[in-house]
Amino acid sequence: MLRNSTNRPPLRRLVSAVAAVTATALTLGACSGAATGGQATAKDASITVAAGDITAKNFNPFSSTALQPTLGVIYEPLYWYNFAKQSEATPVLATGYSWNAAGTELTIKLRHGVKWNDGQPFTAKDVAYTFNLVAKTPALNPSGLAATAKATADDTAVLTFKSKSLMQEPAVLANQAIVPEHIWKDIKDPTTNLNENPVGTGPFKLKSFTPQSYVLTKNDQYWETGKPTIKEVRYLPVQSADAASAALVAGKVDWASAYLPGIDNIMKSNKDLTYVNTPVMTTVIVTCSNAQLGCSGPQTDPAVRKAIYLAMNREQLAKLAGGGVAGVGSPTLLLPGRDDQWIADPGSAKLPQSANADEAGKLLDAAGWTKGSDGVRTKAGKRLTLTVQTVTGWSDYISINDTLKQQLAAVGIELKPSQVSWNEWNAAQTNGKFQLSLDSVGLGASTNPYFTYDSKLASTNTAAVGKSASAGNQSRFSNPTVDAALTAAAGTTDQAAQKAAYAKIQSIIADQLPYIPVYVNSMLTEFNTSRATGWPTKDNTYVLPAAWKAWDAGIVLKTITPAK
């Protein structure tokens, strides 16, 4: 199934061994630089971005495996949200919008003077075509967008929903790439077509492609006057954070997003390098929680999930796995600081940092899990043994699992860590073929909690084990009170009413724990300032700057300028 994805960072968990930097840099030297194959220079006005693997020439903006610059750099949405802070929607292809009184009709005003990169004019017909294509193609529509669209003028599109749909607004406006009707109307199967020659409105377009790297060149017809000023962007597959670190130090890569322990020491010895940390995602243990939907194992017992929550020494986990840059999370799954206005109970704003083994033990005792002679608990003849999966190479998550194994043993839980490929990990979560799985939550259509809660908790966004829960609720969680609260929040723009709905959800997930929060994971992004300036900084997070982040990458690339 093809779907948009904005939070699958390819290098996010890979840990760099600083000692390997020099050796790895030598192996990267032959494939560095810009379009010419040599090292990019300021004169070239070109930069190189560390990218994920090139598995296919896939620029399909509806695909979860589309190449990194597809969303935001080549294709654009109507609006854009900055997840680095609480912010209003920023216009991109649209200039204004309004709802009718019933909340069933959304009128969108479009920017004048926009062209597709093949020279054809962008109009409301393209917008209407895009949303009608999504509505009639279930494989492109895991979120269940229920709208039909029409162009009422060249600069006006009207979306009509079956019911009051105010909370569809961010997903419609800011999380859907608009595609050209004159190209896509001739594509027979939009769910499988790789769209190898993409035609978008974004600041860059495809210039050349090989299985080793690909190059985008500036779109000279771009609608925003004077942008971009960078001429070319090369995407270079980087297999590990060791390689990313090496490439940064050697000046072969200008923009990377990798977890690098000792990053301050790396920066001190390299005057052209800088970085920013924009943590917005909470690391969680996803549990296959719902026995009625086919989940099996001790983790289907809420007492076991709560015991895991209580037995964690998060301070130790942050030190050993988070490298000193992990932040304190919240049992609400929201982001302390940024999202305080949405956290109903200040007492549950932050996660406990030390373990409470005594309380965890009491919960398990009460639930009938008794310790055996080997220290592992049993119930009805079954051992309290759990398998937790993570991706091979996600070294900080591997460290979490190894540390948790020791922490949980103290309360009689036997944890068996497993490392698998990304494809295996993703398929297991999506299809419910797991017990515990490390992942992260926190990115949605906007920073409103609805988009975390609806995706991860709504009954309509899950499926029985063996079927795909690609809409997001991979825990298989289902609760009628949560569903009713989500419906209430979706039907209003009154923030007080929404907060009251979220309070009910927060109370239930803190008790049921289908996702067991660990900490706020770092989001380190590194830059080389010798060829380009204007990168995001700690004091100016004008985007969420991870190189893999959909939509934001286009904002960065049209904002930075060649170094003088």
# chains A, B, ... in the order shown; residues from 1 in each chain; ligands from 1

$ residues_around --residues "A:Ile508" --least-positions-apart "5" --cutoff "12 Å" --atoms "only C-alpha atoms" --output "PyMOL selection string"
chain A and resi 302+331-332+453+457+477-483+485+501-503+513-515

$ residues_around --residues "A:Asn473" --least-positions-apart "5" --cutoff "7 Å" --atoms "only C-alpha atoms" --output "PyMOL selection string"
chain A and resi 455-458+461-462

$ write_last_selection --atoms "N, CA and C atoms" --output "short mmCIF file (atom, residue, chain, number, x, y, z; two decimals), in the first residue's frame"
data_model
loop_
_atom_site.label_atom_id
_atom_site.label_comp_id
_atom_site.auth_asym_id
_atom_site.auth_seq_id
_atom_site.Cartn_x
_atom_site.Cartn_y
_atom_site.Cartn_z
N SER A 455 -4.46 9.03 15.00
CA SER A 455 -3.68 8.05 14.27
C SER A 455 -3.35 6.83 15.11
N LYS A 456 -2.93 7.05 16.36
CA LYS A 456 -2.41 5.96 17.17
C LYS A 456 -3.46 5.24 18.00
N LEU A 457 -4.64 5.84 18.18
CA LEU A 457 -5.60 5.28 19.13
C LEU A 457 -6.98 4.99 18.56
N ALA A 458 -7.38 5.61 17.48
CA ALA A 458 -8.74 5.44 16.97
C ALA A 458 -8.98 4.01 16.48
N ASN A 461 -8.61 3.31 12.86
CA ASN A 461 -7.27 3.33 12.26
C ASN A 461 -6.45 2.09 12.59
N THR A 462 -7.14 1.02 13.01
CA THR A 462 -6.43 -0.21 13.28
C THR A 462 -7.09 -1.36 12.52
#

$ residues_around --residues "A:Asn401" --least-positions-apart "3" --cutoff "9 Å" --atoms "only C-alpha atoms" --output "ChimeraX atom specification"
/A:388-390,396-398,404-406,415-418,438

$ write_last_selection --atoms "C-alpha atoms" --output "compact mmCIF listing (two decimals), in the first residue's frame"
# COMPACT_ATOMS: atom_id res chain seq x y z
CA VAL A 388 10.96 -6.57 21.73
CA GLN A 389 12.04 -5.71 18.20
CA THR A 390 14.08 -2.88 16.79
CA ASP A 396 20.44 3.89 20.58
CA TYR A 397 17.31 1.73 20.44
CA ILE A 398 19.42 -1.41 20.69
CA LEU A 404 15.62 -2.54 29.69
CA LYS A 405 16.40 -6.25 29.77
CA GLN A 406 18.28 -5.69 33.01
CA LEU A 415 12.84 -9.40 27.92
CA LYS A 416 14.30 -10.82 24.71
CA PRO A 417 15.60 -8.12 22.32
CA SER A 418 15.46 -8.80 18.59
CA LEU A 438 10.48 0.36 19.68

$ residues_around --residues "A:Leu145" --least-positions-apart "2" --cutoff "9 Å" --atoms "only C-alpha atoms" --output "PyMOL selection string"
chain A and resi 131+134-135+141-143+147+161+168+171-172

$ atom_distance --atom1 "atom CA of A:Pro77" --atom2 "atom CA of A:Ala94"
8.4 Å

$ closest_residue --among "A:Lys188, A:Tyr214, A:Ala500, A:Val286" --to "A:Gln341" --atoms "only C-alpha atoms"
A:Ala500

$ residues_around --residues "stretch 148-155 of chain A" --least-positions-apart "3" --cutoff "9 Å" --atoms "only C-alpha atoms" --output "VMD selection string"
chain A and resid 94 108 to 112 122 to 132 135 to 136 158 to 162

$ residues_around --residues "A:Tyr309" --least-positions-apart "4" --cutoff "8 Å" --atoms "only C-alpha atoms" --output "mmCIF file with N, CA and C atoms, in the first residue's frame"
data_model
loop_
_atom_site.group_PDB
_atom_site.id
_atom_site.type_symbol
_atom_site.label_atom_id
_atom_site.label_comp_id
_atom_site.auth_asym_id
_atom_site.auth_seq_id
_atom_site.Cartn_x
_atom_site.Cartn_y
_atom_site.Cartn_z
ATOM 1 N N ARG A 305 1.867 -4.156 31.108
ATOM 2 C CA ARG A 305 2.302 -2.911 30.455
ATOM 3 C C ARG A 305 2.620 -1.843 31.499
ATOM 4 N N ILE A 516 4.050 2.640 25.503
ATOM 5 C CA ILE A 516 4.735 2.909 26.768
ATOM 6 C C ILE A 516 5.855 3.909 26.493
ATOM 7 N N PRO A 517 5.723 5.157 26.961
ATOM 8 C CA PRO A 517 6.710 6.188 26.609
ATOM 9 C C PRO A 517 8.023 6.008 27.363
#

$ closest_residue --among "A:Asn197, A:Ser289, A:Ser245, A:Ser46" --to "A:Trp184" --atoms "only C-alpha atoms"
A:Asn197
